[in-house]
Amino acid sequence: MLELRNISKRFGAVQANDRVSFTVPTGTIHAIVGENGAGKSTAMRIAYGFYTADSGDILVDGEVREIRTPHDAIALGIGMVHQHFMLVEPMTVAENIVLGSEPGSAVSLDLKKAADEIRKVSDEFRLTVDPNALIENLSVGQQQRVELLKALYRHAEILILDEPTAVLTPQEVEEFFAILRGMREQGKTIVIITHKLSEVLSISDNVTVMRDGKVVGDLKTSETNAAELARLMVGRDVLLRVEKPDAKAGASVLKVQNLSVMGRGESKRVDNVSFDLRAGEIVGVAGVEGNGQTELIEALAGLIPGSHISGTIAFEGRDITQLDARKRKELGIAHVPEDRHRRGLLLDFTLAENTILGVHYRKPAVGFAGVMLDQKGIQRRTEQVIRDFDVRPPNPMLPARALSGGNQQKLIIGREFELPPKLLLVSQPTRGVDIGAIEFIHRKIVEMRDAGCAVLLVSAELEEVTSLSDRLLVLHNGKVAGEVDPKKTSNEEIGLMMTGGARS
Amino acid sequence: MKLLREILFPLIAVFAAFVVGGIVVWIIGDSPFQTYKLLIGSAFSWPDGIGYTLFNATPLIFTGLAVAVAFRCGLLNIGAEGQLYVAAFAAAWVGFKFGAPAPDNTVISQIAHLPAILLVPMCCLAAIVAGAIWGGIPGILKAKFGSHEVINTIMLNFIAVALLSYFTQYHYKIPGDAIMQTAPISPNASLPTLGRFIPGLPARIPLNFAFILAVIACILVYVFLWKTKWGYEMRATGANPSAAEYGGISIRKQIILAMAISGGLAGMVGINEVLGYRHRYYDGFSANYGFVGIAVALLGRNHPVGVFLAAILFAILLRGGIFVDAYTIHVSKDIVDMLQGIVIIFVAAEAMFRGPLKKFGLMKKAKV
């Protein structure tokens with residue numbers, strides 16, 4: 001049993017945890033939910049010894065324990081799996097697992113013994129991981145199991161999982177949950193940090209809701225529902241499903257014909273894809289990540305060199321296949337990239353500097369001689385984006401790094417939506433974004449559609465593409481596996497197409 | 001807050017270096033306070049101290065700016081040394097080819113006899129363009145073939161030095177001259193010393209008009225990087241090339257441009273050296289200006305104001321070192337070189353100060 005009692009922690013001006021108390025009974029799965037910055041990760045990092053609490057106690061099996069470092073936590077049988085895996089890619093599973101507690105004497109490493117031990121643990125919890133496989137050859141789902149094994153190998157009785165499903169495909173999530181249930185049967189205690197309500201409801205026994213560093217709800221999962229949890233998390237009623245009128249599709253805006261994108265070597269990342277996109281409609285692209293969605297969007301945005309592309313991309317009847325990203329943007333093609341840190345933002349630049357990325361060379365960003373940056377013009381545009389898209393804190397001079405994920409995303413979306421575009425390429429618009437912001441972003445996307453913009457939406461969240469899209473393309477292995485009407489097709493059917501199963 | 005941090009770290013690094021240096025001086029057997037008094041005092045005496053300090057700072061400002069501009073674009077220009085040599089030679093070549101010959105230049109024929117008002121700008125331009133080309137080559141190699149600029153700039157340093165020794169020795173030296181130097185430039189190609197304008201500053205001190213150019217260069221680099229769309233593109237490329245590309249910025253173009261500008265700035269050392277000081281190309285003249293420029297940029301946090309101040313500091317050490325060498329019993333000039341090294345190590349090891357500073361609430365705390 002793990003208990004947090006009146007844990008408080010302050011980082012500078014931010015009270016990350018304010019008298020946080022809850023109990024996780026042995027042999028249960030306990031979900032901790034809350035928006036980004038609600039303090040759920042902080043609380044669990046304190047339990048794992050990453051941070052020390054300013055005040056309050058941690059009790060393991062009823063006794064107050066001093067946990068100052070992760071070593072202390074491990075000794076007490078607490079293990080943690082982080083959102084970002086901590087694995088050494090070119091090494092084997094066994095080598096990774098024993099790292100830090102190598103068996104054998106000081107000079108020899110008994111990996112064989114370790115591998116046997118790992119196999120035993122792996123079988124016990126039905127993890128099916130080969131101890132001799134190289135990490136770099138494993139799928140993300142398998143790598144996560146290695147992380148689980150790492151904790152189990154160190155005899156963890158209490159497992160803390162930080163956003164474990166963020167990187168998994170829907171199928172992998174199901175398998176992963178089956179493993180967790182199995183572990184619960186064996187008497188392990190599991191704490192799972194998440195912000196996905198459907199997962200909370202399907203996996204947990206109890207749920208603790210946090211907001212602004214405080215515990216605002218401690219519930220039995222069987223006695224609550226998504227709407228209640230969302231209300232507790234956000235502090236107001238939240239629209240969980242997108243309300244949208246039927247699309248009034250207009251003229252064709254984007255015509256893609258036989259588009260292929262070459263990857264490294266001979267492989268085609270996008271394979272002979274053709275489709276039409278009309279003004280005033282949202283076409284969704286569903287698929288397991290890594291099946292060509294990234295390359296498709298980047299090819300349309302002009303970010304993949306022409307030499308890697310075959311086929312034609314026509315925008316409003318004009319062949320744009322050979323145009324670069326800047327020219328396409330000038331025509332009215334906006335792009336919300338899937339990875340906001342890699343592509344979408346200059347993290348150390350101010351919000352103002354980020355709002356002009358892509359339009360920095362024309363009015364209103366430049367003034368004198370068409371060369372000098374117009375600080376007033378930039379300021380005005382930034383303030384407008386901040387106001388229209390509710391970016392907080394609303395200070396144009398802050399570095400983008402200082403914003404939460406949701407606010408960073410709103411900044412990017414604001415920048416792109418206020419071009420204004422005729423074609424919107426949106427990729428993973430709500431990844432790592434709070435519920436409140438998700439609702440807002442979804443509404444804005446539908447508003448764009450209703451204003452006559454053509455929208456191509458890629459998302460790894462099946463729920464998101466099916467609820468927002470008017471039509472849905474399913475990608476598998478770079479090919480269009482089928483086009484479906486999301487209103488008339490079940491998630492199971494779409495899931496089957498995503499994994500290459502034939503459409504019934 | 002951010003500004004404070006930007007200034008604080010270099011200051012602490014310098015201070016820490018002086019403390020460590022002082023301990024070394026004390027161990028050797030001299031008084032640290034006397035030594036530092038000598039070091040600083042001799043660098044700030046009027047007019048010689050200040051005159052020479054600013055003269056010594058001039059090439060370091062140029063190379064510091066050169067490294068800083070490249071760095072802002074995410075590039076490491078190790079080749080300022082080669083670039084400034086090529087530039088100095090180009091300036092000298094225009095200087096003795098296009099102006100009325102100096103009295104002792106009896107060997108080189110002239111293409112034209114231009115007046116000073118044309119010749120001086122032409123020489124300056126020659127230096128900048130030559131430096132830009134020498135810096136632009138590794139830029140092009142990186143943009144087109146992805147070969148690393150660090151390797152290529154180092155290699156071009158060797159090529160520049162060897163090539164220019166050859167030209168000096170076999171084509172542009174006055175026969176019988178025992179020193180490896182070219183014939184002098186035309187008197188019309190020389191920049192005046194500042195002593196001619198500033199009362200009390202004797203004309204014998206080589207501080208010249210190039211220092212004014214260095215100050216102007218600092219201002220222009222600042223305006224370029226932070227106030228123009230071109231600077232924005234360059235900084236965006238350095239901050240996150242993927243995002244820059246997404247923003248419609250051609251990364252290849254930025255790499256070539258940044259290296260060329262960097263080379264051009266390094267090349268301006270040639271103006272100080274040839275037009276303002278020796279009035280000829282002198283083989284091996286650079287006291288590692290190109291490399292010290294890296295340290296200057298590092299200490300100056302790749303900002304023109306910081307570069308200016310860091311260049312002054314290094315110039316103080318250079319100037320004061322001579323006097324420390326001469327007037328102390330045990331400490332030699334090497335101590336001053338060591339001090340330079342310690343400053344750089346402390347600046348580079350910035351993380352060392354983060355812990356203690358966090359305690360005083362001067363550092364941003366970890367994000368929640």
# chains A, B, ... in the order shown; residues from 1 in each chain; ligands from 1
>>> residues_around(residues="Leu164 in chain B", least_positions_apart="4", cutoff="8 Å", atoms="only C-alpha atoms", output="list in words")
Tyr85, Val86, Phe89, Ala160, Thr168 and Asp283 of chain B
>>> write_last_selection(atoms="N, CA and C atoms", output="PDB file, in the first residue's frame")
ATOM      1  N   TYR B  85      43.842  35.842 -42.753  1.00  0.00           N
ATOM      2  CA  TYR B  85      45.091  35.875 -43.528  1.00  0.00           C
ATOM      3  C   TYR B  85      44.816  36.179 -44.991  1.00  0.00           C
ATOM      4  N   VAL B  86      43.857  35.444 -45.558  1.00  0.00           N
ATOM      5  CA  VAL B  86      43.521  35.653 -46.963  1.00  0.00           C
ATOM      6  C   VAL B  86      43.084  37.094 -47.179  1.00  0.00           C
ATOM      7  N   PHE B  89      45.957  39.587 -47.016  1.00  0.00           N
ATOM      8  CA  PHE B  89      46.768  39.545 -48.230  1.00  0.00           C
ATOM      9  C   PHE B  89      46.038  40.249 -49.366  1.00  0.00           C
ATOM     10  N   ALA B 160      45.401  28.304 -46.474  1.00  0.00           N
ATOM     11  CA  ALA B 160      45.608  29.754 -46.557  1.00  0.00           C
ATOM     12  C   ALA B 160      47.036  30.114 -46.166  1.00  0.00           C
ATOM     13  N   THR B 168      53.988  35.310 -50.915  1.00  0.00           N
ATOM     14  CA  THR B 168      54.853  36.321 -50.314  1.00  0.00           C
ATOM     15  C   THR B 168      56.306  36.076 -50.713  1.00  0.00           C
ATOM     16  N   ASP B 283      53.926  37.981 -43.171  1.00  0.00           N
ATOM     17  CA  ASP B 283      53.601  36.558 -43.052  1.00  0.00           C
ATOM     18  C   ASP B 283      53.504  36.138 -41.580  1.00  0.00           C
TER      19      ASP B 283
END
>>> interface_residues(of="chain B", to="chain A", cutoff="6 Å", atoms="only C-alpha atoms", output="list in words")
Lys227, Thr228, Lys229, Ser242, Ala243, Gly247, Gly248 and Lys365 of chain B
>>> residues_around(residues="Ala57 in chain B", least_positions_apart="5", cutoff="8 Å", atoms="only C-alpha atoms", output="MDAnalysis selection string")
chainID B and resid 311:312 314:315
>>> select_by_dssp(residues="range 178-246 of chain A", states="strand (DSSP E)", output="PyMOL selection string")
chain A and resi 189-194+206-211+214-220
>>> residues_around(residues="Leu65 in chain B", least_positions_apart="5", cutoff="8 Å", atoms="only C-alpha atoms", output="compact mmCIF listing (two decimals) with C-alpha atoms, in the first residue's frame")
# COMPACT_ATOMS: atom_id res chain seq x y z
CA CYS B 218 29.29 45.48 -33.64
CA VAL B 221 25.82 42.83 -36.58
CA SER B 262 31.45 35.33 -40.73
CA LEU B 265 33.96 39.90 -40.50
CA ALA B 266 37.11 37.88 -39.82
CA GLY B 293 37.99 34.93 -31.36
CA ALA B 297 32.54 34.86 -28.72
CA ASN B 302 27.65 35.43 -29.06
CA HIS B 303 26.24 38.90 -28.65
CA PRO B 304 27.96 41.95 -30.19
CA VAL B 307 31.96 40.29 -27.87
>>> atom_distance(atom1="CA of Leu194 in chain B", atom2="CA of Leu213 in chain B")
11.9 Å
>>> closest_residue(among="A:Gln428, A:Ile297, A:Val273, A:Glu289", to="Ser310 in chain A", atoms="only C-alpha atoms")
A:Val273
>>> residues_around(residues="range 269-271 of chain B", least_positions_apart="3", cutoff="9 Å", atoms="only C-alpha atoms", output="PDB file with N, CA and C atoms, in the first residue's frame")
ATOM      1  N   THR B  58      41.005  45.358 -31.269  1.00  0.00           N
ATOM      2  CA  THR B  58      40.376  45.503 -32.591  1.00  0.00           C
ATOM      3  C   THR B  58      40.256  44.173 -33.359  1.00  0.00           C
ATOM      4  N   PRO B  59      41.353  43.444 -33.566  1.00  0.00           N
ATOM      5  CA  PRO B  59      41.194  42.189 -34.327  1.00  0.00           C
ATOM      6  C   PRO B  59      40.310  41.178 -33.593  1.00  0.00           C
ATOM      7  N   LEU B  60      40.341  41.210 -32.258  1.00  0.00           N
ATOM      8  CA  LEU B  60      39.541  40.244 -31.495  1.00  0.00           C
ATOM      9  C   LEU B  60      38.054  40.566 -31.599  1.00  0.00           C
ATOM     10  N   ILE B  61      37.717  41.838 -31.728  1.00  0.00           N
ATOM     11  CA  ILE B  61      36.306  42.197 -31.930  1.00  0.00           C
ATOM     12  C   ILE B  61      35.830  41.599 -33.258  1.00  0.00           C
ATOM     13  N   PHE B  62      36.661  41.776 -34.299  1.00  0.00           N
ATOM     14  CA  PHE B  62      36.262  41.245 -35.614  1.00  0.00           C
ATOM     15  C   PHE B  62      36.112  39.725 -35.585  1.00  0.00           C
ATOM     16  N   THR B  63      37.106  39.043 -35.046  1.00  0.00           N
ATOM     17  CA  THR B  63      37.018  37.572 -35.072  1.00  0.00           C
ATOM     18  C   THR B  63      35.943  37.078 -34.104  1.00  0.00           C
ATOM     19  N   LEU B  84      41.179  35.532 -42.100  1.00  0.00           N
ATOM     20  CA  LEU B  84      41.795  36.847 -41.901  1.00  0.00           C
ATOM     21  C   LEU B  84      43.140  36.963 -42.622  1.00  0.00           C
ATOM     22  N   TYR B  85      43.842  35.842 -42.753  1.00  0.00           N
ATOM     23  CA  TYR B  85      45.091  35.875 -43.528  1.00  0.00           C
ATOM     24  C   TYR B  85      44.816  36.179 -44.991  1.00  0.00           C
ATOM     25  N   VAL B  86      43.857  35.444 -45.558  1.00  0.00           N
ATOM     26  CA  VAL B  86      43.521  35.653 -46.963  1.00  0.00           C
ATOM     27  C   VAL B  86      43.084  37.094 -47.179  1.00  0.00           C
ATOM     28  N   ALA B  87      42.289  37.587 -46.242  1.00  0.00           N
ATOM     29  CA  ALA B  87      41.767  38.942 -46.362  1.00  0.00           C
ATOM     30  C   ALA B  87      42.889  39.971 -46.286  1.00  0.00           C
ATOM     31  N   ALA B  88      43.802  39.765 -45.347  1.00  0.00           N
ATOM     32  CA  ALA B  88      44.903  40.713 -45.195  1.00  0.00           C
ATOM     33  C   ALA B  88      45.749  40.744 -46.466  1.00  0.00           C
ATOM     34  N   PHE B  89      45.957  39.587 -47.016  1.00  0.00           N
ATOM     35  CA  PHE B  89      46.768  39.545 -48.230  1.00  0.00           C
ATOM     36  C   PHE B  89      46.038  40.249 -49.366  1.00  0.00           C
ATOM     37  N   ALA B  90      44.740  40.010 -49.489  1.00  0.00           N
ATOM     38  CA  ALA B  90      43.966  40.647 -50.553  1.00  0.00           C
ATOM     39  C   ALA B  90      44.012  42.160 -50.403  1.00  0.00           C
ATOM     40  N   ALA B  91      43.885  42.645 -49.159  1.00  0.00           N
ATOM     41  CA  ALA B  91      43.933  44.084 -48.925  1.00  0.00           C
ATOM     42  C   ALA B  91      45.293  44.645 -49.337  1.00  0.00           C
ATOM     43  N   ALA B  92      46.344  43.909 -48.956  1.00  0.00           N
ATOM     44  CA  ALA B  92      47.685  44.370 -49.306  1.00  0.00           C
ATOM     45  C   ALA B  92      47.879  44.378 -50.823  1.00  0.00           C
ATOM     46  N   CYS B 123      40.448  48.643 -50.774  1.00  0.00           N
ATOM     47  CA  CYS B 123      41.241  47.709 -49.972  1.00  0.00           C
ATOM     48  C   CYS B 123      40.359  47.048 -48.905  1.00  0.00           C
ATOM     49  N   CYS B 124      39.526  47.883 -48.261  1.00  0.00           N
ATOM     50  CA  CYS B 124      38.634  47.336 -47.230  1.00  0.00           C
ATOM     51  C   CYS B 124      37.716  46.284 -47.843  1.00  0.00           C
ATOM     52  N   ALA B 127      39.417  43.048 -48.548  1.00  0.00           N
ATOM     53  CA  ALA B 127      39.591  42.234 -47.342  1.00  0.00           C
ATOM     54  C   ALA B 127      38.298  41.494 -47.011  1.00  0.00           C
ATOM     55  N   ILE B 128      37.194  42.249 -47.037  1.00  0.00           N
ATOM     56  CA  ILE B 128      35.914  41.654 -46.657  1.00  0.00           C
ATOM     57  C   ILE B 128      35.517  40.550 -47.643  1.00  0.00           C
ATOM     58  N   LEU B 191      45.158  53.668 -43.485  1.00  0.00           N
ATOM     59  CA  LEU B 191      44.164  54.279 -42.602  1.00  0.00           C
ATOM     60  C   LEU B 191      44.901  55.097 -41.554  1.00  0.00           C
ATOM     61  N   ALA B 210      40.534  51.489 -37.881  1.00  0.00           N
ATOM     62  CA  ALA B 210      39.878  50.178 -37.928  1.00  0.00           C
ATOM     63  C   ALA B 210      39.114  49.898 -36.639  1.00  0.00           C
ATOM     64  N   LEU B 265      33.632  39.223 -41.765  1.00  0.00           N
ATOM     65  CA  LEU B 265      33.963  39.897 -40.501  1.00  0.00           C
ATOM     66  C   LEU B 265      35.383  39.559 -40.067  1.00  0.00           C
ATOM     67  N   ALA B 266      35.734  38.279 -40.168  1.00  0.00           N
ATOM     68  CA  ALA B 266      37.106  37.880 -39.823  1.00  0.00           C
ATOM     69  C   ALA B 266      38.086  38.622 -40.729  1.00  0.00           C
ATOM     70  N   VAL B 274      46.775  45.600 -42.113  1.00  0.00           N
ATOM     71  CA  VAL B 274      47.492  46.057 -43.306  1.00  0.00           C
ATOM     72  C   VAL B 274      47.333  47.569 -43.506  1.00  0.00           C
ATOM     73  N   LEU B 275      46.089  48.030 -43.477  1.00  0.00           N
ATOM     74  CA  LEU B 275      45.852  49.456 -43.759  1.00  0.00           C
ATOM     75  C   LEU B 275      46.193  50.346 -42.569  1.00  0.00           C
ATOM     76  N   GLY B 276      46.003  49.793 -41.368  1.00  0.00           N
ATOM     77  CA  GLY B 276      46.142  50.638 -40.196  1.00  0.00           C
ATOM     78  C   GLY B 276      47.449  50.469 -39.462  1.00  0.00           C
ATOM     79  N   TYR B 277      48.150  49.365 -39.669  1.00  0.00           N
ATOM     80  CA  TYR B 277      49.292  49.092 -38.809  1.00  0.00           C
ATOM     81  C   TYR B 277      50.593  48.889 -39.597  1.00  0.00           C
ATOM     82  N   TYR B 281      51.657  43.206 -46.147  1.00  0.00           N
ATOM     83  CA  TYR B 281      51.279  41.899 -45.629  1.00  0.00           C
ATOM     84  C   TYR B 281      52.495  41.256 -44.993  1.00  0.00           C
ATOM     85  N   TYR B 289      44.547  35.299 -33.627  1.00  0.00           N
ATOM     86  CA  TYR B 289      43.318  36.084 -33.490  1.00  0.00           C
ATOM     87  C   TYR B 289      42.072  35.241 -33.771  1.00  0.00           C
TER      88      TYR B 289
END
>>> atom_distance(atom1="CA of Ser260 in chain A", atom2="CA of Pro429 in chain A")
24.3 Å
>>> residues_around(residues="Ala279 in chain A", least_positions_apart="3", cutoff="10 Å", atoms="only C-alpha atoms", output="PyMOL selection string")
chain A and resi 247-254+282+316+422-423+449-455
>>> write_last_selection(atoms="N, CA and C atoms", output="short mmCIF file (atom, residue, chain, number, x, y, z; two decimals), in the first residue's frame")
data_model
loop_
_atom_site.label_atom_id
_atom_site.label_comp_id
_atom_site.auth_asym_id
_atom_site.auth_seq_id
_atom_site.Cartn_x
_atom_site.Cartn_y
_atom_site.Cartn_z
N ALA A 247 -21.21 18.92 -43.29
CA ALA A 247 -20.34 19.73 -44.12
C ALA A 247 -21.09 20.21 -45.36
N LYS A 248 -20.76 21.45 -45.75
CA LYS A 248 -21.27 21.93 -47.04
C LYS A 248 -20.06 22.03 -47.95
N ALA A 249 -19.70 20.90 -48.55
CA ALA A 249 -18.48 20.86 -49.33
C ALA A 249 -18.64 21.65 -50.62
N GLY A 250 -17.64 22.43 -50.97
CA GLY A 250 -17.68 23.27 -52.17
C GLY A 250 -16.76 22.72 -53.25
N ALA A 251 -16.05 23.66 -53.89
CA ALA A 251 -15.20 23.28 -55.01
C ALA A 251 -13.97 22.52 -54.53
N SER A 252 -13.39 21.74 -55.42
CA SER A 252 -12.18 21.00 -55.09
C SER A 252 -11.03 21.97 -54.83
N VAL A 253 -10.31 21.76 -53.74
CA VAL A 253 -9.19 22.63 -53.39
C VAL A 253 -7.87 21.90 -53.64
N LEU A 254 -7.83 20.67 -53.19
CA LEU A 254 -6.59 19.89 -53.31
C LEU A 254 -6.88 18.61 -54.07
N ILE A 282 -13.79 18.41 -43.83
CA ILE A 282 -12.62 17.90 -43.11
C ILE A 282 -12.43 16.46 -43.54
N GLU A 316 -6.07 24.17 -56.16
CA GLU A 316 -6.98 25.02 -56.92
C GLU A 316 -6.66 24.93 -58.41
N LYS A 422 -6.51 28.63 -47.18
CA LYS A 422 -7.59 28.01 -47.94
C LYS A 422 -7.55 26.51 -47.73
N LEU A 423 -6.33 26.03 -47.45
CA LEU A 423 -6.14 24.60 -47.17
C LEU A 423 -5.36 24.49 -45.87
N ARG A 449 -13.51 25.01 -41.07
CA ARG A 449 -14.23 24.27 -42.10
C ARG A 449 -15.49 25.04 -42.51
N ASP A 450 -16.23 25.49 -41.52
CA ASP A 450 -17.48 26.17 -41.82
C ASP A 450 -17.25 27.50 -42.53
N ALA A 451 -16.04 28.05 -42.37
CA ALA A 451 -15.71 29.28 -43.07
C ALA A 451 -15.26 28.99 -44.51
N GLY A 452 -15.26 27.70 -44.90
CA GLY A 452 -14.95 27.37 -46.28
C GLY A 452 -13.54 26.87 -46.52
N CYS A 453 -12.83 26.58 -45.44
CA CYS A 453 -11.47 26.08 -45.59
C CYS A 453 -11.50 24.57 -45.79
N ALA A 454 -10.60 24.06 -46.61
CA ALA A 454 -10.46 22.61 -46.75
C ALA A 454 -9.48 22.14 -45.70
N VAL A 455 -9.84 21.09 -44.97
CA VAL A 455 -8.99 20.64 -43.87
C VAL A 455 -8.59 19.19 -44.05
#
>>> residues_around(residues="Ala166 in chain A", least_positions_apart="3", cutoff="12 Å", atoms="only C-alpha atoms", output="list in words")
His82, Gln83, His84, Phe85, Val140, Gly141, Gln144, Leu161, Asp162, Glu163, Thr169, Pro170, Glu172, Val173, Phe176, Ile192, Ile193, Thr194, His195, Lys196, Glu199, Glu289, Thr430, Arg431, Gly432, Val433, Ala460 and Glu461 of chain A
>>> closest_residue(among="B:His330, B:Ala43, B:Arg72, B:Pro206", to="Trp226 in chain B", atoms="only C-alpha atoms")
B:Arg72
>>> select_by_dssp(residues="range 287-322 of chain A", states="helix (DSSP H, G or I)", output="list in words")
Gln293, Thr294, Glu295, Leu296, Ile297, Glu298, Ala299, Leu300, Ala301, Gly306, Ser307 and His308 of chain A
>>> closest_residue(among="A:Ile413, A:Ala156, A:Val465, A:Ile46", to="Gly79 in chain A", atoms="only C-alpha atoms")
A:Ala156
>>> atom_distance(atom1="CA of His113 in chain B", atom2="CA of Asn188 in chain B")
9.1 Å
>>> closest_residue(among="B:Ile27, B:Ile249, B:Met268, B:Ile335", to="Ala66 in chain B", atoms="only C-alpha atoms")
B:Met268
>>> decode(residues="range 221-264 of chain A", atoms="C-alpha atoms", output="PDB file, in the first residue's frame")
ATOM      1  CA  THR A 221     -13.995   4.265 -10.990  1.00  0.00           C
ATOM      2  CA  SER A 222     -17.164   2.193 -11.087  1.00  0.00           C
ATOM      3  CA  GLU A 223     -19.100   5.081  -9.568  1.00  0.00           C
ATOM      4  CA  THR A 224     -18.031   7.841 -11.908  1.00  0.00           C
ATOM      5  CA  ASN A 225     -18.086   8.717 -15.606  1.00  0.00           C
ATOM      6  CA  ALA A 226     -16.106  10.680 -18.160  1.00  0.00           C
ATOM      7  CA  ALA A 227     -18.166  13.837 -17.875  1.00  0.00           C
ATOM      8  CA  GLU A 228     -17.725  14.004 -14.118  1.00  0.00           C
ATOM      9  CA  LEU A 229     -13.976  13.394 -14.334  1.00  0.00           C
ATOM     10  CA  ALA A 230     -13.583  16.022 -17.022  1.00  0.00           C
ATOM     11  CA  ARG A 231     -15.525  18.527 -14.969  1.00  0.00           C
ATOM     12  CA  LEU A 232     -13.323  17.853 -11.943  1.00  0.00           C
ATOM     13  CA  MET A 233     -10.141  18.136 -14.013  1.00  0.00           C
ATOM     14  CA  VAL A 234     -11.020  21.365 -15.747  1.00  0.00           C
ATOM     15  CA  GLY A 235     -13.215  22.908 -13.113  1.00  0.00           C
ATOM     16  CA  ARG A 236     -16.147  23.480 -15.440  1.00  0.00           C
ATOM     17  CA  ASP A 237     -18.364  21.498 -17.788  1.00  0.00           C
ATOM     18  CA  VAL A 238     -16.530  20.240 -20.835  1.00  0.00           C
ATOM     19  CA  LEU A 239     -17.901  19.226 -24.180  1.00  0.00           C
ATOM     20  CA  LEU A 240     -16.283  15.866 -24.778  1.00  0.00           C
ATOM     21  CA  ARG A 241     -17.711  15.216 -28.199  1.00  0.00           C
ATOM     22  CA  VAL A 242     -17.489  17.615 -31.063  1.00  0.00           C
ATOM     23  CA  GLU A 243     -20.800  19.113 -32.105  1.00  0.00           C
ATOM     24  CA  LYS A 244     -20.780  19.965 -35.754  1.00  0.00           C
ATOM     25  CA  PRO A 245     -23.315  20.507 -38.495  1.00  0.00           C
ATOM     26  CA  ASP A 246     -22.997  18.541 -41.731  1.00  0.00           C
ATOM     27  CA  ALA A 247     -20.338  19.728 -44.122  1.00  0.00           C
ATOM     28  CA  LYS A 248     -21.268  21.928 -47.039  1.00  0.00           C
ATOM     29  CA  ALA A 249     -18.485  20.861 -49.332  1.00  0.00           C
ATOM     30  CA  GLY A 250     -17.680  23.265 -52.169  1.00  0.00           C
ATOM     31  CA  ALA A 251     -15.205  23.282 -55.013  1.00  0.00           C
ATOM     32  CA  SER A 252     -12.179  20.995 -55.086  1.00  0.00           C
ATOM     33  CA  VAL A 253      -9.187  22.630 -53.392  1.00  0.00           C
ATOM     34  CA  LEU A 254      -6.591  19.893 -53.310  1.00  0.00           C
ATOM     35  CA  LYS A 255      -6.212  17.118 -55.831  1.00  0.00           C
ATOM     36  CA  VAL A 256      -3.579  14.518 -55.093  1.00  0.00           C
ATOM     37  CA  GLN A 257      -2.826  12.001 -57.826  1.00  0.00           C
ATOM     38  CA  ASN A 258      -0.632   8.929 -57.535  1.00  0.00           C
ATOM     39  CA  LEU A 259       1.512  10.577 -54.899  1.00  0.00           C
ATOM     40  CA  SER A 260       4.479   8.507 -53.745  1.00  0.00           C
ATOM     41  CA  VAL A 261       7.204   9.539 -51.344  1.00  0.00           C
ATOM     42  CA  MET A 262      10.476   7.644 -51.329  1.00  0.00           C
ATOM     43  CA  GLY A 263      12.026   6.797 -48.014  1.00  0.00           C
ATOM     44  CA  ARG A 264      15.532   5.647 -47.379  1.00  0.00           C
TER      45      ARG A 264
END
